[in-house]
Structures are given as C-alpha cells and as structure tokens.
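Next comes query07.txt, a file with compact mmCIF, N, CA and C atoms.
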```txt
# COMPACT_ATOMS: atom_id res chain seq x y z
N MET V 1 6.61 2.31 -6.41
CA MET V 1 7.13 3.14 -5.34
C MET V 1 8.25 2.38 -4.65
N HIS V 2 9.29 3.09 -4.33
CA HIS V 2 10.43 2.48 -3.66
C HIS V 2 10.67 3.19 -2.33
N LEU V 3 10.60 2.43 -1.28
CA LEU V 3 10.89 2.95 0.05
C LEU V 3 12.25 2.43 0.45
N HIS V 4 13.12 3.32 0.86
CA HIS V 4 14.47 2.93 1.25
C HIS V 4 14.43 2.19 2.58
N HIS V 5 14.97 0.99 2.59
CA HIS V 5 14.98 0.16 3.80
C HIS V 5 16.39 0.00 4.35
N HIS V 6 17.18 1.01 4.23
CA HIS V 6 18.54 0.91 4.74
C HIS V 6 18.85 2.15 5.57
N GLY V 7 19.75 1.98 6.46
CA GLY V 7 20.16 3.10 7.29
C GLY V 7 19.25 3.30 8.49
N PRO V 8 19.65 4.19 9.35
CA PRO V 8 18.88 4.46 10.56
C PRO V 8 17.50 5.05 10.25
N SER V 9 16.59 4.89 11.18
CA SER V 9 15.26 5.47 11.03
C SER V 9 14.72 5.88 12.40
N LEU V 10 13.70 6.70 12.36
CA LEU V 10 12.99 7.11 13.58
C LEU V 10 11.53 6.71 13.42
N ARG V 11 10.88 6.44 14.53
CA ARG V 11 9.46 6.13 14.48
C ARG V 11 8.85 6.47 15.82
N TYR V 12 7.55 6.48 15.82
CA TYR V 12 6.86 6.63 17.09
C TYR V 12 5.74 5.60 17.16
N TYR V 13 5.30 5.33 18.35
CA TYR V 13 4.30 4.29 18.57
C TYR V 13 2.91 4.89 18.60
N LEU V 14 2.00 4.27 17.87
CA LEU V 14 0.61 4.70 17.84
C LEU V 14 -0.15 4.04 18.97
N ASN V 15 -1.12 4.75 19.52
CA ASN V 15 -1.98 4.08 20.49
C ASN V 15 -2.87 3.10 19.72
N ALA V 16 -3.45 2.16 20.42
CA ALA V 16 -4.20 1.07 19.79
C ALA V 16 -5.36 1.59 18.94
N ASP V 17 -6.05 2.61 19.42
CA ASP V 17 -7.19 3.15 18.68
C ASP V 17 -6.75 3.79 17.37
N LEU V 18 -5.71 4.60 17.41
CA LEU V 18 -5.23 5.25 16.20
C LEU V 18 -4.69 4.21 15.21
N TYR V 19 -4.01 3.21 15.70
CA TYR V 19 -3.51 2.14 14.82
C TYR V 19 -4.68 1.42 14.14
N ARG V 20 -5.70 1.07 14.90
CA ARG V 20 -6.87 0.37 14.34
C ARG V 20 -7.56 1.24 13.30
N ARG V 21 -7.75 2.51 13.61
CA ARG V 21 -8.40 3.40 12.65
C ARG V 21 -7.56 3.60 11.39
N THR V 22 -6.24 3.63 11.56
CA THR V 22 -5.35 3.74 10.40
C THR V 22 -5.48 2.51 9.52
N GLU V 23 -5.40 1.35 10.13
CA GLU V 23 -5.55 0.09 9.38
C GLU V 23 -6.89 0.03 8.66
N ASP V 24 -7.97 0.38 9.37
CA ASP V 24 -9.31 0.32 8.79
C ASP V 24 -9.43 1.26 7.59
N LEU V 25 -8.96 2.48 7.72
CA LEU V 25 -9.09 3.43 6.62
C LEU V 25 -8.21 3.04 5.44
N LEU V 26 -7.00 2.59 5.71
CA LEU V 26 -6.14 2.14 4.61
C LEU V 26 -6.81 1.00 3.85
N ALA V 27 -7.41 0.07 4.56
CA ALA V 27 -8.09 -1.06 3.90
C ALA V 27 -9.25 -0.57 3.04
N LYS V 28 -10.02 0.39 3.55
CA LYS V 28 -11.14 0.94 2.77
C LYS V 28 -10.64 1.59 1.48
N ILE V 29 -9.59 2.38 1.60
CA ILE V 29 -9.05 3.09 0.44
C ILE V 29 -8.48 2.10 -0.57
N GLU V 30 -7.75 1.11 -0.08
CA GLU V 30 -7.14 0.12 -0.97
C GLU V 30 -8.19 -0.67 -1.75
N ALA V 31 -9.35 -0.90 -1.14
CA ALA V 31 -10.39 -1.73 -1.76
C ALA V 31 -11.36 -0.93 -2.63
N ASP V 32 -11.30 0.39 -2.61
CA ASP V 32 -12.29 1.23 -3.28
C ASP V 32 -11.75 1.76 -4.61
N ASP V 33 -12.49 1.49 -5.69
CA ASP V 33 -12.11 2.04 -7.00
C ASP V 33 -12.19 3.56 -7.01
N LYS V 34 -13.01 4.11 -6.17
CA LYS V 34 -13.16 5.57 -6.03
C LYS V 34 -12.51 5.99 -4.72
N ALA V 35 -11.23 5.71 -4.59
CA ALA V 35 -10.51 5.97 -3.35
C ALA V 35 -10.62 7.42 -2.89
N SER V 36 -10.71 8.33 -3.85
CA SER V 36 -10.73 9.75 -3.49
C SER V 36 -11.96 10.14 -2.66
N ARG V 37 -12.98 9.31 -2.63
CA ARG V 37 -14.13 9.62 -1.77
C ARG V 37 -13.75 9.57 -0.29
N HIS V 38 -12.59 8.99 0.02
CA HIS V 38 -12.11 8.90 1.41
C HIS V 38 -11.04 9.95 1.72
N ALA V 39 -10.83 10.87 0.80
CA ALA V 39 -9.74 11.85 0.95
C ALA V 39 -9.88 12.67 2.23
N ALA V 40 -11.08 13.13 2.54
CA ALA V 40 -11.25 13.96 3.74
C ALA V 40 -10.92 13.16 5.00
N ASP V 41 -11.38 11.92 5.05
CA ASP V 41 -11.07 11.07 6.21
C ASP V 41 -9.57 10.78 6.29
N PHE V 42 -8.95 10.55 5.14
CA PHE V 42 -7.52 10.28 5.13
C PHE V 42 -6.73 11.52 5.56
N ALA V 43 -7.15 12.68 5.11
CA ALA V 43 -6.48 13.92 5.52
C ALA V 43 -6.57 14.11 7.03
N GLU V 44 -7.72 13.82 7.60
CA GLU V 44 -7.88 13.93 9.05
C GLU V 44 -6.97 12.93 9.76
N LEU V 45 -6.88 11.74 9.23
CA LEU V 45 -5.99 10.73 9.81
C LEU V 45 -4.53 11.18 9.74
N VAL V 46 -4.12 11.70 8.59
CA VAL V 46 -2.74 12.19 8.46
C VAL V 46 -2.49 13.31 9.46
N ASN V 47 -3.47 14.17 9.66
CA ASN V 47 -3.31 15.22 10.66
C ASN V 47 -3.15 14.64 12.07
N GLU V 48 -3.91 13.62 12.38
CA GLU V 48 -3.76 12.97 13.69
C GLU V 48 -2.39 12.31 13.83
N LEU V 49 -1.93 11.66 12.77
CA LEU V 49 -0.61 11.04 12.80
C LEU V 49 0.48 12.10 12.97
N THR V 50 0.30 13.22 12.30
CA THR V 50 1.26 14.33 12.41
C THR V 50 1.27 14.87 13.84
N ASP V 51 0.09 15.07 14.41
CA ASP V 51 0.00 15.54 15.80
C ASP V 51 0.72 14.59 16.74
N GLY V 52 0.49 13.30 16.54
CA GLY V 52 1.14 12.30 17.40
C GLY V 52 2.65 12.33 17.27
N GLY V 53 3.13 12.47 16.04
CA GLY V 53 4.57 12.53 15.82
C GLY V 53 5.19 13.77 16.43
N LEU V 54 4.54 14.90 16.27
CA LEU V 54 5.06 16.14 16.86
C LEU V 54 5.16 16.01 18.38
N SER V 55 4.13 15.45 18.97
CA SER V 55 4.15 15.27 20.42
C SER V 55 5.25 14.30 20.84
N TYR V 56 5.34 13.19 20.13
CA TYR V 56 6.31 12.15 20.47
C TYR V 56 7.74 12.66 20.38
N TYR V 57 8.05 13.42 19.34
CA TYR V 57 9.42 13.85 19.12
C TYR V 57 9.81 15.13 19.85
N PHE V 58 8.84 15.97 20.18
CA PHE V 58 9.19 17.26 20.75
C PHE V 58 8.68 17.48 22.17
N VAL V 59 7.52 16.97 22.50
CA VAL V 59 6.95 17.20 23.82
C VAL V 59 7.39 16.10 24.80
N GLU V 60 7.29 14.85 24.38
CA GLU V 60 7.63 13.74 25.27
C GLU V 60 9.07 13.79 25.79
N PRO V 61 10.07 14.10 24.96
CA PRO V 61 11.43 14.17 25.51
C PRO V 61 11.57 15.19 26.63
N LEU V 62 10.86 16.29 26.51
CA LEU V 62 10.91 17.30 27.58
C LEU V 62 10.25 16.79 28.85
N LYS V 63 9.16 16.07 28.70
CA LYS V 63 8.51 15.47 29.88
C LYS V 63 9.44 14.48 30.55
N GLN V 64 10.07 13.63 29.75
CA GLN V 64 10.96 12.63 30.33
C GLN V 64 12.19 13.25 30.96
N ALA V 65 12.59 14.42 30.48
CA ALA V 65 13.75 15.11 31.04
C ALA V 65 13.36 15.98 32.24
N ASN V 66 12.08 15.94 32.61
CA ASN V 66 11.58 16.81 33.68
C ASN V 66 12.01 18.25 33.42
N ALA V 67 11.76 18.72 32.21
CA ALA V 67 12.25 20.01 31.75
C ALA V 67 11.47 21.20 32.30
N GLY V 68 10.64 21.03 33.22
CA GLY V 68 9.97 22.18 33.80
C GLY V 68 8.71 22.54 33.02
N TYR V 69 7.83 23.15 33.75
CA TYR V 69 6.50 23.48 33.23
C TYR V 69 6.58 24.40 32.02
N MET V 70 7.36 25.47 32.10
CA MET V 70 7.40 26.46 31.02
C MET V 70 7.99 25.86 29.73
N ALA V 71 9.01 25.06 29.85
CA ALA V 71 9.60 24.43 28.66
C ALA V 71 8.60 23.48 28.02
N GLN V 72 7.93 22.69 28.83
CA GLN V 72 6.94 21.75 28.30
C GLN V 72 5.77 22.50 27.67
N LYS V 73 5.30 23.53 28.33
CA LYS V 73 4.17 24.30 27.81
C LYS V 73 4.56 24.99 26.51
N THR V 74 5.78 25.52 26.45
CA THR V 74 6.26 26.17 25.23
C THR V 74 6.29 25.16 24.08
N ALA V 75 6.78 23.96 24.35
CA ALA V 75 6.81 22.92 23.32
C ALA V 75 5.40 22.55 22.87
N GLN V 76 4.48 22.41 23.82
CA GLN V 76 3.10 22.06 23.48
C GLN V 76 2.46 23.14 22.60
N ILE V 77 2.66 24.39 22.99
CA ILE V 77 2.08 25.49 22.22
C ILE V 77 2.73 25.58 20.84
N GLY V 78 4.04 25.41 20.80
CA GLY V 78 4.75 25.45 19.52
C GLY V 78 4.29 24.35 18.59
N MET V 79 4.16 23.14 19.10
CA MET V 79 3.74 22.02 18.25
C MET V 79 2.28 22.20 17.83
N ALA V 80 1.45 22.74 18.71
CA ALA V 80 0.06 23.03 18.34
C ALA V 80 0.01 24.06 17.21
N SER V 81 0.91 25.02 17.26
CA SER V 81 0.98 26.04 16.19
C SER V 81 1.41 25.42 14.87
N VAL V 82 2.41 24.55 14.93
CA VAL V 82 2.86 23.85 13.72
C VAL V 82 1.70 23.04 13.14
N ALA V 83 1.00 22.31 13.99
CA ALA V 83 -0.12 21.48 13.54
C ALA V 83 -1.23 22.35 12.93
N LYS V 84 -1.50 23.48 13.53
CA LYS V 84 -2.55 24.38 13.04
C LYS V 84 -2.22 24.87 11.64
N ILE V 85 -0.95 25.15 11.39
CA ILE V 85 -0.52 25.58 10.06
C ILE V 85 -0.59 24.41 9.07
N ALA V 86 -0.18 23.23 9.52
CA ALA V 86 -0.12 22.07 8.63
C ALA V 86 -1.50 21.53 8.25
N ARG V 87 -2.47 21.61 9.16
CA ARG V 87 -3.79 21.00 8.92
C ARG V 87 -4.41 21.40 7.58
N PRO V 88 -4.59 22.68 7.31
CA PRO V 88 -5.24 23.02 6.03
C PRO V 88 -4.38 22.66 4.81
N ILE V 89 -3.08 22.70 4.96
CA ILE V 89 -2.21 22.31 3.85
C ILE V 89 -2.38 20.83 3.55
N ILE V 90 -2.38 20.02 4.60
CA ILE V 90 -2.57 18.57 4.42
C ILE V 90 -3.93 18.29 3.79
N ARG V 91 -4.98 18.95 4.30
CA ARG V 91 -6.33 18.74 3.74
C ARG V 91 -6.36 19.10 2.25
N LYS V 92 -5.75 20.22 1.91
CA LYS V 92 -5.77 20.67 0.51
C LYS V 92 -4.97 19.72 -0.38
N LEU V 93 -3.78 19.34 0.06
CA LEU V 93 -2.94 18.45 -0.76
C LEU V 93 -3.61 17.10 -0.97
N ILE V 94 -4.09 16.51 0.11
CA ILE V 94 -4.71 15.19 -0.01
C ILE V 94 -6.03 15.29 -0.77
N GLY V 95 -6.77 16.36 -0.55
CA GLY V 95 -8.03 16.55 -1.27
C GLY V 95 -7.83 16.72 -2.76
N GLY V 96 -6.65 17.11 -3.19
CA GLY V 96 -6.37 17.29 -4.61
C GLY V 96 -5.83 16.05 -5.31
N LEU V 97 -5.66 14.97 -4.58
CA LEU V 97 -5.13 13.74 -5.18
C LEU V 97 -6.23 12.98 -5.92
N ASN V 98 -5.86 12.38 -7.04
CA ASN V 98 -6.82 11.50 -7.72
C ASN V 98 -6.78 10.12 -7.05
N ASP V 99 -7.61 9.22 -7.52
CA ASP V 99 -7.72 7.89 -6.89
C ASP V 99 -6.38 7.16 -6.83
N GLU V 100 -5.67 7.15 -7.95
CA GLU V 100 -4.39 6.45 -8.02
C GLU V 100 -3.36 7.08 -7.09
N GLN V 101 -3.31 8.39 -7.07
CA GLN V 101 -2.35 9.09 -6.21
C GLN V 101 -2.64 8.84 -4.73
N LEU V 102 -3.92 8.87 -4.37
CA LEU V 102 -4.29 8.63 -2.98
C LEU V 102 -3.92 7.20 -2.57
N LYS V 103 -4.15 6.26 -3.45
CA LYS V 103 -3.77 4.87 -3.16
C LYS V 103 -2.25 4.75 -3.00
N SER V 104 -1.51 5.49 -3.79
CA SER V 104 -0.05 5.47 -3.69
C SER V 104 0.41 6.03 -2.34
N VAL V 105 -0.18 7.12 -1.92
CA VAL V 105 0.17 7.70 -0.61
C VAL V 105 -0.21 6.72 0.49
N CYS V 106 -1.35 6.08 0.37
CA CYS V 106 -1.76 5.08 1.37
C CYS V 106 -0.79 3.90 1.40
N ALA V 107 -0.31 3.48 0.24
CA ALA V 107 0.67 2.39 0.19
C ALA V 107 1.93 2.78 0.95
N TYR V 108 2.34 4.03 0.80
CA TYR V 108 3.51 4.50 1.52
C TYR V 108 3.26 4.46 3.02
N VAL V 109 2.10 4.95 3.45
CA VAL V 109 1.76 4.91 4.88
C VAL V 109 1.77 3.47 5.37
N ARG V 110 1.19 2.57 4.59
CA ARG V 110 1.16 1.17 5.00
C ARG V 110 2.58 0.63 5.16
N GLN V 111 3.49 0.99 4.26
CA GLN V 111 4.87 0.51 4.35
C GLN V 111 5.57 0.99 5.61
N ILE V 112 5.31 2.20 6.01
CA ILE V 112 6.00 2.73 7.21
C ILE V 112 5.24 2.46 8.49
N LEU V 113 4.05 1.89 8.37
CA LEU V 113 3.19 1.65 9.54
C LEU V 113 3.74 0.57 10.45
N HIS V 114 4.40 -0.43 9.89
CA HIS V 114 4.84 -1.57 10.71
C HIS V 114 6.30 -1.52 11.01
```
Show how you would write the structure in this file as structure tokens.
Amino acid sequence: MHLHHHGPSLRYYLNADLYRRTEDLLAKIEADDKASRHAADFAELVNELTDGGLSYYFVEPLKQANAGYMAQKTAQIGMASVAKIARPIIRKLIGGLNDEQLKSVCAYVRQILH
C-alpha cells in the first residue's frame, strides 16, 4: 500500500479516549490471524471516526464563527443525516472484507492516525 506523503493535507484531532480505543483495536486486528472477527468493532470505530470528522470540519467552524443557533443546528442535523446514511454502508463494506483486506484497511488507518 502506498500513501501519498506530499502536498497539503487536512486532519482533525481525536479525543484521548477515541485515540486509545483506535490504537487498541488496530493492535488487536494486526495481531489476529482471524482479523475479520473484529470487523463489527472496526466498523463501529470507523463510524465514530467519521462522526468526529464531520463535526470537526462542518460543525466546529460554525461554532467558532458564532454563526448563530439555526446555522449550527442545521449543520448538526445535516451531519447527523450524513452519518445515518453512512453507518450501514460502512458496516456492510467492512463486514465484507476478508482478513487480509481488513488488515490492509487498518494499516491505512494507522498511517493516517499520527
């Protein structure tokens, strides 16, 4: 797998608990020959990471701009709707990965984690 390490990038900061849980689950998957047994947990983690990113990129800027209650609420509801649509898709896609594929996706997450 090749991750491009050039050019601009965007990221968001994980809270300590989510970071610890991400590290712990990645380590479990990396060490398990039957990595796919962790697919449901990994899908839930990806959903949490997605929720955090949506909030960080779309809701937080409005809060910092003091964009008013309605704008902030609209962003929150919109991002919740996006997450609601994405959740089952993420669960299905990750649930369909074999052990090697799941480990590959985890390696990618590990690369972008730091």
Do you have, as a tab-separated table, the list of residues of range 37-61 of chain V lying at most 6 Å from range 70-90 of chain V, each with its nearest atom pair and that distance in Å to one decimal, counting all atoms listed in the file and ordered by chain then number?
```
residue	atom	partner	partner_atom	distance
V:Ala43	CA	V:Ile90	C	5.3
V:Phe58	C	V:Ala75	CA	5.9
V:Val59	CA	V:Ala75	C	5.7
```
Counting only C-alpha atoms, the residue of V:His114, V:Leu26, V:Tyr108, V:Gln101 that sits nearest Phe42 in chain V: V:Leu26
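Atom pair atom C of Tyr19 in chain V / atom N of Ser104 in chain V: separated by 18.7 Å.
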Hey, could you pull the box centre and edge lengths for range 14-22 of chain V, axis-aligned, 6 Å padding per side, all listed atoms, to one decimal in Å, as JSON?
```
{"center_x": -3.2, "center_y": 2.8, "center_z": 15.0, "size_x": 22.4, "size_y": 16.9, "size_z": 23.0}
```
